[in-house]
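Just data-v7.cif here, mmCIF, C-alpha atoms:
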```
data_upload
#
loop_
_atom_site.label_atom_id
_atom_site.label_comp_id
_atom_site.auth_asym_id
_atom_site.auth_seq_id
_atom_site.Cartn_x
_atom_site.Cartn_y
_atom_site.Cartn_z
CA MET X 1 -14.01 1.46 35.52
CA LYS X 2 -10.70 3.09 34.68
CA PRO X 3 -9.91 6.49 36.16
CA PRO X 4 -11.01 9.14 36.52
CA PHE X 5 -13.58 7.54 38.82
CA ARG X 6 -17.13 8.75 39.41
CA ALA X 7 -15.97 9.90 42.87
CA ASP X 8 -12.45 11.22 42.59
CA GLN X 9 -10.19 13.74 44.29
CA VAL X 10 -7.61 16.28 43.21
CA GLY X 11 -4.87 15.09 45.53
CA SER X 12 -3.60 17.19 48.43
CA LEU X 13 -4.86 16.77 51.99
CA LEU X 14 -4.37 18.82 55.13
CA ARG X 15 -1.07 18.23 56.90
CA PRO X 16 -1.69 16.64 60.31
CA ALA X 17 -0.35 18.65 63.26
CA ALA X 18 2.22 15.98 64.18
CA LEU X 19 3.65 16.04 60.67
CA ALA X 20 3.77 19.85 60.55
CA ALA X 21 5.66 19.87 63.85
CA ALA X 22 8.09 17.22 62.64
CA ARG X 23 8.82 19.13 59.45
CA ALA X 24 9.43 22.34 61.40
CA HIS X 25 11.87 20.47 63.67
CA PHE X 26 13.62 19.02 60.63
CA LYS X 27 14.07 22.47 59.10
CA GLN X 28 15.48 23.70 62.43
CA GLY X 29 18.01 20.86 62.39
CA VAL X 30 16.45 19.16 65.42
CA LEU X 31 15.09 16.14 63.52
CA SER X 32 16.99 13.87 61.11
CA ALA X 33 15.81 13.20 57.55
CA GLY X 34 15.27 9.54 58.43
CA THR X 35 13.09 10.37 61.43
CA LEU X 36 11.05 12.83 59.37
CA ARG X 37 10.58 10.15 56.71
CA GLY X 38 9.19 7.81 59.36
CA VAL X 39 6.70 10.43 60.53
CA GLU X 40 5.65 11.04 56.92
CA ASP X 41 5.20 7.29 56.35
CA ASP X 42 3.02 6.95 59.45
CA ASN X 43 0.80 9.89 58.50
CA ILE X 44 0.47 8.76 54.90
CA ARG X 45 -0.49 5.27 56.03
CA HIS X 46 -3.25 6.79 58.16
CA ILE X 47 -4.72 8.98 55.39
CA VAL X 48 -4.55 6.12 52.88
CA GLU X 49 -6.63 3.97 55.23
CA LYS X 50 -9.06 6.84 55.69
CA GLN X 51 -9.49 7.38 51.95
CA GLN X 52 -10.14 3.69 51.43
CA SER X 53 -12.57 3.50 54.34
CA ILE X 54 -14.82 6.19 52.86
CA GLY X 55 -14.90 4.48 49.47
CA LEU X 56 -12.47 6.43 47.30
CA ARG X 57 -10.87 4.36 44.55
CA SER X 58 -8.14 6.85 43.61
CA ILE X 59 -5.70 7.00 46.51
CA THR X 60 -3.09 9.73 47.00
CA ASP X 61 -0.43 10.36 49.62
CA GLY X 62 -2.06 13.74 50.21
CA GLU X 63 1.17 15.37 48.98
CA LEU X 64 2.22 15.13 52.65
CA ARG X 65 5.91 15.02 51.73
CA ARG X 66 5.70 18.35 49.88
CA ASP X 67 5.77 21.99 50.89
CA TYR X 68 4.13 23.11 47.63
CA TRP X 69 2.10 21.23 45.05
CA HIS X 70 4.42 22.30 42.22
CA ILE X 71 7.70 23.71 43.53
CA ASP X 72 8.92 20.47 45.13
CA PHE X 73 8.76 18.77 41.72
CA LEU X 74 9.88 21.62 39.47
CA ARG X 75 12.98 22.45 41.54
CA GLN X 76 14.30 18.93 40.86
CA LEU X 77 14.30 19.42 37.10
CA ASP X 78 17.64 20.39 35.58
CA GLY X 79 17.95 24.10 34.81
CA VAL X 80 15.22 25.30 37.18
CA THR X 81 15.70 27.88 39.96
CA ILE X 82 13.08 28.99 42.49
CA ALA X 83 12.41 32.74 42.81
CA GLU X 84 9.95 35.12 44.44
CA MET X 85 6.53 35.69 42.93
CA PRO X 86 6.30 38.74 40.61
CA ASN X 87 4.01 41.59 41.63
CA GLN X 88 1.25 40.85 39.14
CA SER X 89 -1.18 37.94 39.55
CA ARG X 90 -0.71 37.66 43.29
CA PHE X 91 -3.00 35.82 45.69
CA GLY X 92 -5.38 38.18 47.44
CA GLY X 93 -6.03 38.21 51.16
CA THR X 94 -2.55 37.13 52.23
CA GLU X 95 0.82 38.87 52.39
CA GLU X 96 2.73 35.63 52.00
CA GLN X 97 3.05 34.47 48.40
CA PRO X 98 4.23 31.10 47.09
CA PRO X 99 7.50 31.12 45.12
CA MET X 100 7.70 30.42 41.39
CA ALA X 101 9.94 28.48 39.06
CA THR X 102 12.36 30.28 36.75
CA VAL X 103 14.50 28.74 34.04
CA THR X 104 18.20 29.54 34.37
CA GLY X 105 19.72 26.57 32.53
CA LYS X 106 18.89 23.85 30.03
CA VAL X 107 15.75 22.04 31.18
CA GLY X 108 16.06 18.32 31.66
CA CYS X 109 15.21 15.37 33.90
CA SER X 110 18.46 13.55 34.62
CA ARG X 111 17.11 11.49 37.54
CA PRO X 112 13.78 10.16 38.83
CA ILE X 113 11.66 12.72 40.70
CA MET X 114 9.30 11.69 43.51
CA THR X 115 9.26 8.06 42.41
CA ASP X 116 10.25 6.86 45.89
CA ALA X 117 7.15 8.61 47.30
CA PHE X 118 5.01 6.85 44.69
CA GLU X 119 6.54 3.46 45.43
CA TYR X 120 5.66 3.81 49.11
CA LEU X 121 2.10 4.85 48.27
CA ARG X 122 1.67 1.95 45.88
CA SER X 123 2.97 -0.50 48.49
CA ILE X 124 0.24 0.41 51.00
CA ALA X 125 -2.75 1.36 48.80
CA ARG X 126 -5.45 -1.18 47.98
CA GLY X 127 -7.04 1.19 45.47
CA THR X 128 -5.43 2.90 42.47
CA ALA X 129 -2.36 4.87 43.56
CA LYS X 130 -2.56 8.31 41.97
CA VAL X 131 0.43 10.59 41.32
CA THR X 132 0.03 14.35 40.92
CA ILE X 133 2.71 16.53 39.33
CA PRO X 134 2.63 20.09 37.96
CA SER X 135 1.84 20.54 34.28
CA PRO X 136 4.69 21.46 31.90
CA SER X 137 3.14 24.91 31.52
CA MET X 138 3.98 25.65 35.16
CA LEU X 139 7.56 26.27 34.06
CA TYR X 140 6.30 29.26 32.11
CA MET X 141 2.92 30.66 33.06
CA ARG X 142 3.58 32.54 36.29
CA GLY X 143 6.51 34.59 34.98
CA GLY X 144 6.10 34.20 31.22
CA ARG X 145 8.97 35.05 28.91
CA LYS X 146 10.65 36.97 31.72
CA SER X 147 11.05 33.76 33.72
CA VAL X 148 12.95 31.93 30.97
CA SER X 149 16.55 33.05 30.48
CA LYS X 150 17.03 34.58 27.04
CA ALA X 151 20.73 33.78 27.25
CA VAL X 152 19.94 30.07 27.70
CA TYR X 153 16.88 30.02 25.45
CA PRO X 154 16.90 32.80 22.86
CA ASP X 155 14.46 30.60 20.94
CA LEU X 156 11.39 29.50 22.91
CA GLU X 157 10.79 26.58 20.57
CA GLU X 158 13.96 24.99 21.90
CA PHE X 159 12.75 25.61 25.46
CA TRP X 160 9.46 23.83 24.83
CA ARG X 161 11.26 20.91 23.14
CA ASP X 162 13.47 20.47 26.20
CA VAL X 163 10.48 20.74 28.54
CA ALA X 164 8.65 18.02 26.59
CA ALA X 165 11.69 15.73 26.68
CA ALA X 166 12.15 16.30 30.42
CA TYR X 167 8.53 15.45 31.14
CA GLN X 168 8.60 12.40 28.91
CA ARG X 169 11.52 11.12 30.96
CA ALA X 170 9.92 11.99 34.32
CA ILE X 171 6.70 10.21 33.32
CA ALA X 172 8.66 7.18 32.11
CA TYR X 173 10.34 6.92 35.52
CA PHE X 174 6.90 6.72 37.15
CA ALA X 175 5.71 4.15 34.62
CA GLU X 176 8.76 1.98 35.28
CA ARG X 177 7.62 1.79 38.91
CA GLY X 178 4.08 0.78 38.07
CA CYS X 179 2.19 4.08 37.95
CA THR X 180 -1.12 3.73 36.09
CA TYR X 181 -2.80 7.01 37.13
CA LEU X 182 -1.04 10.34 36.65
CA GLN X 183 -2.53 13.81 37.04
CA LEU X 184 -1.05 17.02 35.65
CA ASP X 185 -1.98 20.04 37.77
CA ASP X 186 -2.33 23.18 35.69
CA VAL X 187 -3.30 26.80 36.35
CA SER X 188 -2.54 28.23 32.93
CA PHE X 189 -5.89 27.64 31.22
CA ALA X 190 -8.04 28.80 34.14
CA TYR X 191 -5.81 31.84 34.74
CA LEU X 192 -6.07 32.79 31.06
CA CYS X 193 -9.84 33.10 31.53
CA ASP X 194 -9.17 36.24 33.60
CA PRO X 195 -8.66 39.61 31.84
CA LYS X 196 -6.36 40.78 34.66
CA PHE X 197 -4.07 37.81 34.18
CA ARG X 198 -4.05 38.34 30.42
CA ASP X 199 -2.93 41.93 31.06
CA GLY X 200 -0.11 40.53 33.18
CA CYS X 201 0.88 38.23 30.33
CA ARG X 202 1.30 41.24 28.06
CA LEU X 203 3.56 42.87 30.67
CA ASN X 204 5.66 39.70 30.59
CA GLY X 205 6.04 40.01 26.83
CA ASP X 206 3.53 37.32 25.87
CA ASP X 207 0.43 37.24 23.70
CA PRO X 208 -2.45 35.86 25.81
CA GLN X 209 -4.40 35.03 22.65
CA THR X 210 -1.84 32.43 21.60
CA LEU X 211 -0.89 31.08 25.05
CA PRO X 212 -3.76 28.55 25.35
CA ARG X 213 -2.59 26.85 22.17
CA THR X 214 1.06 27.06 23.28
CA CYS X 215 0.21 25.41 26.60
CA ALA X 216 -1.94 22.73 24.98
CA ASP X 217 0.83 21.90 22.52
CA ALA X 218 3.35 21.73 25.38
CA VAL X 219 1.26 19.21 27.32
CA ASN X 220 0.58 17.12 24.22
CA ALA X 221 4.29 17.03 23.42
CA ALA X 222 5.08 15.92 26.98
CA LEU X 223 2.53 13.10 26.65
CA ARG X 224 3.41 12.08 23.10
CA ASP X 225 5.11 8.84 24.16
CA ARG X 226 3.15 8.23 27.33
CA PRO X 227 3.30 4.62 28.45
CA ALA X 228 0.57 2.20 27.46
CA GLY X 229 -1.81 1.49 30.30
CA MET X 230 -1.28 4.84 32.05
CA THR X 231 -4.35 7.03 32.54
CA VAL X 232 -3.54 10.74 32.51
CA THR X 233 -5.84 13.53 33.65
CA MET X 234 -5.41 17.28 33.99
CA HIS X 235 -6.63 19.48 36.81
CA THR X 236 -7.33 23.15 36.12
CA CYS X 237 -7.33 25.68 38.94
CA ARG X 238 -7.81 29.41 39.53
CA GLY X 239 -5.42 29.43 42.47
CA ASN X 240 -5.52 27.67 45.83
CA PHE X 241 -3.29 29.10 48.55
CA ARG X 242 -4.53 29.31 52.14
CA SER X 243 -8.13 29.45 50.83
CA SER X 244 -7.28 32.40 48.55
CA TRP X 245 -7.43 32.51 44.75
CA VAL X 246 -5.95 34.46 41.84
CA ALA X 247 -8.17 34.30 38.76
CA GLU X 248 -11.83 34.34 37.75
CA GLY X 249 -13.76 33.92 34.55
CA GLY X 250 -15.55 31.17 32.63
CA TYR X 251 -13.83 28.54 30.45
CA GLU X 252 -15.39 29.68 27.17
CA SER X 253 -12.33 31.42 25.72
CA ILE X 254 -9.90 28.54 26.37
CA ALA X 255 -12.16 25.47 26.20
CA GLU X 256 -11.35 24.39 22.64
CA ALA X 257 -7.60 24.60 23.18
CA MET X 258 -7.75 22.89 26.58
CA PHE X 259 -9.98 20.07 25.38
CA SER X 260 -7.56 19.36 22.53
CA ILE X 261 -5.10 17.98 25.08
CA ASP X 262 -4.65 14.22 24.86
CA VAL X 263 -5.67 13.27 28.39
CA ASP X 264 -8.42 10.96 29.59
CA GLY X 265 -10.18 13.44 31.84
CA PHE X 266 -10.33 17.06 32.93
CA PHE X 267 -10.76 18.05 36.58
CA MET X 268 -12.52 21.41 36.35
CA GLU X 269 -13.21 23.95 39.08
CA PHE X 270 -16.95 24.72 39.29
CA ASP X 271 -17.48 25.50 42.96
CA SER X 272 -18.24 29.21 42.61
CA ALA X 273 -19.47 31.87 40.20
CA ARG X 274 -15.80 32.60 39.40
CA ALA X 275 -15.80 29.53 37.15
CA GLY X 276 -18.70 30.64 34.97
CA SER X 277 -21.32 28.34 33.47
CA PHE X 278 -21.22 24.71 32.35
CA GLU X 279 -21.78 25.70 28.73
CA PRO X 280 -18.10 25.29 27.65
CA LEU X 281 -18.45 21.57 28.44
CA ARG X 282 -20.07 21.26 25.02
CA PHE X 283 -16.50 21.20 23.61
CA LEU X 284 -15.58 18.06 25.59
CA PRO X 285 -14.55 15.39 23.04
CA ALA X 286 -16.36 12.06 22.96
CA GLY X 287 -14.63 9.45 25.07
CA LYS X 288 -13.20 11.98 27.54
CA ARG X 289 -14.52 12.69 31.03
CA ALA X 290 -15.11 15.98 32.81
CA VAL X 291 -14.68 15.72 36.56
CA LEU X 292 -16.91 18.41 38.06
CA GLY X 293 -15.24 20.20 40.97
CA LEU X 294 -18.48 21.15 42.72
CA VAL X 295 -17.37 20.73 46.33
CA THR X 296 -15.22 23.61 47.53
CA THR X 297 -12.02 23.08 49.49
CA LYS X 298 -11.73 26.76 50.39
CA GLN X 299 -14.48 26.84 53.03
CA GLY X 300 -15.56 24.36 55.66
CA ALA X 301 -19.33 24.55 55.20
CA ILE X 302 -20.60 21.21 53.86
CA GLU X 303 -22.57 21.40 50.63
CA SER X 304 -26.07 19.98 50.23
CA ASP X 305 -26.35 16.62 48.50
CA ASP X 306 -29.40 17.84 46.62
CA GLU X 307 -27.64 20.99 45.39
CA ILE X 308 -24.68 18.96 44.10
CA LYS X 309 -27.06 16.62 42.29
CA ARG X 310 -28.92 19.57 40.81
CA ARG X 311 -25.67 20.99 39.43
CA ILE X 312 -24.63 17.64 37.98
CA ASP X 313 -27.98 17.53 36.23
CA ALA X 314 -27.39 21.06 34.89
CA ALA X 315 -23.98 20.04 33.52
CA SER X 316 -25.54 17.01 31.82
CA ALA X 317 -27.42 19.40 29.52
CA TYR X 318 -24.09 19.96 27.72
CA VAL X 319 -22.36 16.58 28.01
CA PRO X 320 -23.76 13.07 28.60
CA LEU X 321 -24.05 12.03 32.25
CA GLU X 322 -21.81 9.01 31.61
CA SER X 323 -19.02 11.43 30.64
CA LEU X 324 -19.16 13.20 34.01
CA CYS X 325 -17.59 12.52 37.39
CA LEU X 326 -17.49 14.40 40.71
CA SER X 327 -14.66 15.70 42.91
CA PRO X 328 -13.71 18.57 45.18
CA GLN X 329 -12.76 21.68 43.23
CA CYS X 330 -9.09 21.54 44.27
CA GLY X 331 -6.85 20.01 46.89
CA PHE X 332 -7.36 20.80 50.56
CA SER X 333 -3.74 21.78 51.07
CA SER X 334 -2.01 22.78 47.84
CA THR X 335 0.76 24.11 50.09
CA HIS X 336 1.89 23.03 53.54
CA HIS X 337 -0.18 25.86 55.09
CA GLY X 338 -3.51 24.23 54.24
CA ASN X 339 -6.87 25.83 53.53
CA ALA X 340 -9.27 27.24 56.12
CA VAL X 341 -11.05 23.93 56.70
CA SER X 342 -10.71 21.37 59.48
CA GLU X 343 -9.68 17.75 58.99
CA THR X 344 -13.20 16.71 59.99
CA GLU X 345 -14.68 18.97 57.30
CA GLN X 346 -12.16 17.68 54.75
CA TRP X 347 -13.23 14.07 55.27
CA ARG X 348 -16.94 14.97 55.36
CA LYS X 349 -16.56 16.66 51.97
CA LEU X 350 -14.85 13.60 50.50
CA GLU X 351 -17.56 11.39 51.98
CA LEU X 352 -20.11 13.68 50.30
CA VAL X 353 -18.41 13.17 46.93
CA VAL X 354 -18.53 9.38 47.30
CA ARG X 355 -22.12 9.36 48.55
CA VAL X 356 -23.46 11.58 45.76
CA ALA X 357 -21.55 9.65 43.09
CA ARG X 358 -23.13 6.41 44.24
CA GLU X 359 -26.58 7.98 44.16
CA VAL X 360 -26.14 9.56 40.72
CA TRP X 361 -24.19 6.86 38.87
CA GLY X 362 -24.78 3.79 41.05
CA ASP X 363 -21.05 3.47 41.74
CA ALA X 364 -18.16 5.55 43.01
#
```
What would the structure in this file look like if it were written as structure tokens?
Amino acid sequence: MKPPFRADQVGSLLRPAALAAARAHFKQGVLSAGTLRGVEDDNIRHIVEKQQSIGLRSITDGELRRDYWHIDFLRQLDGVTIAEMPNQSRFGGTEEQPPMATVTGKVGCSRPIMTDAFEYLRSIARGTAKVTIPSPSMLYMRGGRKSVSKAVYPDLEEFWRDVAAAYQRAIAYFAERGCTYLQLDDVSFAYLCDPKFRDGCRLNGDDPQTLPRTCADAVNAALRDRPAGMTVTMHTCRGNFRSSWVAEGGYESIAEAMFSIDVDGFFMEFDSARAGSFEPLRFLPAGKRAVLGLVTTKQGAIESDDEIKRRIDAASAYVPLESLCLSPQCGFSSTHHGNAVSETEQWRKLELVVRVAREVWGDA
């Protein structure tokens, strides 16, 4: 079976304490970059072995080399500057807010980004090495038109053309190094399900009615020349920062636009009532897979096998069972802070995903 697999995962894993300490020492100037790299390698080797031991076939490096799931990649694109989060659409329950990308120059990809991290992962993984990078829409959605310099891009069509070209190049760099499984992490579609976020879009000078199509077109343009043999999926999320979230609302209003994206599978958050019903799955095109994010990463309580199976059965009323897969709803540590779960709970949840997948589909 090609990815996405019946039992899959979004990507990020909790940062082990030894790694967190090493990174803090590096930022203080106490530890060299080479020593930090060695600590990262050791910790990644350990979590790769753990993923394989519990039966996962898609293997990630847990994003252990990153501070943020998106910023570490976006800041390496040409023309991108990192700024503070605007006041609207903030994460609740925490004073600290992740930064956001702003466009202050011509967007491009003049050098490989994160390919060395992938090469290390591929060298030690027996399963399928999976790369996760932020979706092209992440250069726009959090700040909207206000986050893209009008002096540099008076015409947004030129901006989106440059974004597509930059992503085509970044993806080609991964393909040249043997990547066969790439995931685009995206918040735009799930955020646009929320009336509060749509109000924020209007404040940014955007039309939330047209943004789903704009974002879908941007991703399709970025993937237009994707390499043969590379599986691409997209993960949608309503926010995942220290177990907090931003948006709520079902997928109904954006499903048709989102499902028009030329990817092989859609990782969809369905762990709480915030995500709405399974009914929008009826728009899933034939030949595509929906990966049901039924296991939460925001809380440590372990879900019931029977309840997960019941919800898979409910989803199969709208899409054939063979078009479904199972995963956690998001990563366990989208940022270096991590969610409010323990490492033991993290692995138990991933074991649950593998166990239920084998019981439902006969294979993980």
Next on the checklist: the PyMOL selection byres ((chain X and resi 170) around 12) - which residues does that actually catch in the file I just gave you? List them as an NGL selection string.
Outcome noted: :X and (73-74 or 76-78 or 108-115 or 131 or 133-136 or 163-169 or 171-177 or 179 or 182 or 222-223 or 225-227)
Checklist entry - Using only C-alpha atoms, which of X:Val319, X:Met1, X:Leu13, X:Val341 sits nearest Thr231 in chain X? => result X:Met1
Next on the checklist: Report, in Å with one decimal, the straight-line distance from CA of Asp185 in chain X to CA of Phe270 in chain X.
Outcome noted: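 Atom-to-atom, CA of Asp185 in chain X and CA of Phe270 in chain X are spaced 15.8 Å apart.
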Next on the checklist: With distances taken over only C-alpha atoms, which residue among X:Val219, X:Ala22, X:Val10, X:Ala247 lies nearest Tyr191 in chain X?
Outcome noted: X:Ala247
Taking all atoms of range 197-212 of chain X that appear in the file, build a box with edges along x, y and z, extend it by 5 Å on every side, and state its centre and edge lengths in Å to one decimal, as lines of an AutoDock Vina configuration file.
```
center_x = 0.8
center_y = 35.7
center_z = 27.9
size_x = 20.4
size_y = 24.3
size_z = 22.6
```
Item to check | Between CA of Phe283 in chain X and CA of Phe266 in chain X, distance in Å (one decimal) | outcome: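 Between these atoms lies a distance of 11.9 Å.
Listed by chain and then by number, the residues chosen by the PyMOL selection byres ((chain X and resi 313) around 12) in this file are Phe278, Leu292, Asp306, Glu307, Ile308, Lys309, Arg310, Arg311, Ile312, Ala314, Ala315, Ser316, Ala317, Tyr318, Val319, Pro320, Leu321, Glu322, Leu324, Cys325, Leu326, Val360 and Trp361 of chain X.
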How about saving the chosen residues, C-alpha atoms kept, as a JSON list (two decimals), in the coordinates of the input?
```json
[["chain", "number", "residue", "atom", "x", "y", "z"],
["X", 278, "PHE", "CA", -21.22, 24.71, 32.35],
["X", 292, "LEU", "CA", -16.91, 18.41, 38.06],
["X", 306, "ASP", "CA", -29.40, 17.84, 46.62],
["X", 307, "GLU", "CA", -27.64, 20.99, 45.39],
["X", 308, "ILE", "CA", -24.68, 18.96, 44.10],
["X", 309, "LYS", "CA", -27.06, 16.62, 42.29],
["X", 310, "ARG", "CA", -28.92, 19.57, 40.81],
["X", 311, "ARG", "CA", -25.67, 20.99, 39.43],
["X", 312, "ILE", "CA", -24.63, 17.64, 37.98],
["X", 314, "ALA", "CA", -27.39, 21.06, 34.89],
["X", 315, "ALA", "CA", -23.98, 20.04, 33.52],
["X", 316, "SER", "CA", -25.54, 17.01, 31.82],
["X", 317, "ALA", "CA", -27.42, 19.40, 29.52],
["X", 318, "TYR", "CA", -24.09, 19.96, 27.72],
["X", 319, "VAL", "CA", -22.36, 16.58, 28.01],
["X", 320, "PRO", "CA", -23.76, 13.07, 28.60],
["X", 321, "LEU", "CA", -24.05, 12.03, 32.25],
["X", 322, "GLU", "CA", -21.81, 9.01, 31.61],
["X", 324, "LEU", "CA", -19.16, 13.20, 34.01],
["X", 325, "CYS", "CA", -17.59, 12.52, 37.39],
["X", 326, "LEU", "CA", -17.49, 14.40, 40.71],
["X", 360, "VAL", "CA", -26.14, 9.56, 40.72],
["X", 361, "TRP", "CA", -24.19, 6.86, 38.87]]
```
Next on the checklist: So the first atom is CA of Glu84 in chain X and the second is CA of Pro99 in chain X; what is the distance between them in Å, to one decimal place?
Outcome noted: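 Rounded to one decimal, the two atoms are 4.7 Å apart.
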Next on the checklist: For a quick check of understanding, using only C-alpha atoms, which of X:Arg289, X:Lys27, X:Arg348, X:Arg15 has the smallest distance to Asp61 in chain X?
Outcome noted: X:Arg15
Item to check | Selection dump of the PyMOL selection byres ((chain X and resi 103) around 7), as a VMD selection string | outcome: chain X and resid 79 to 81 101 to 102 104 to 105 147 to 149
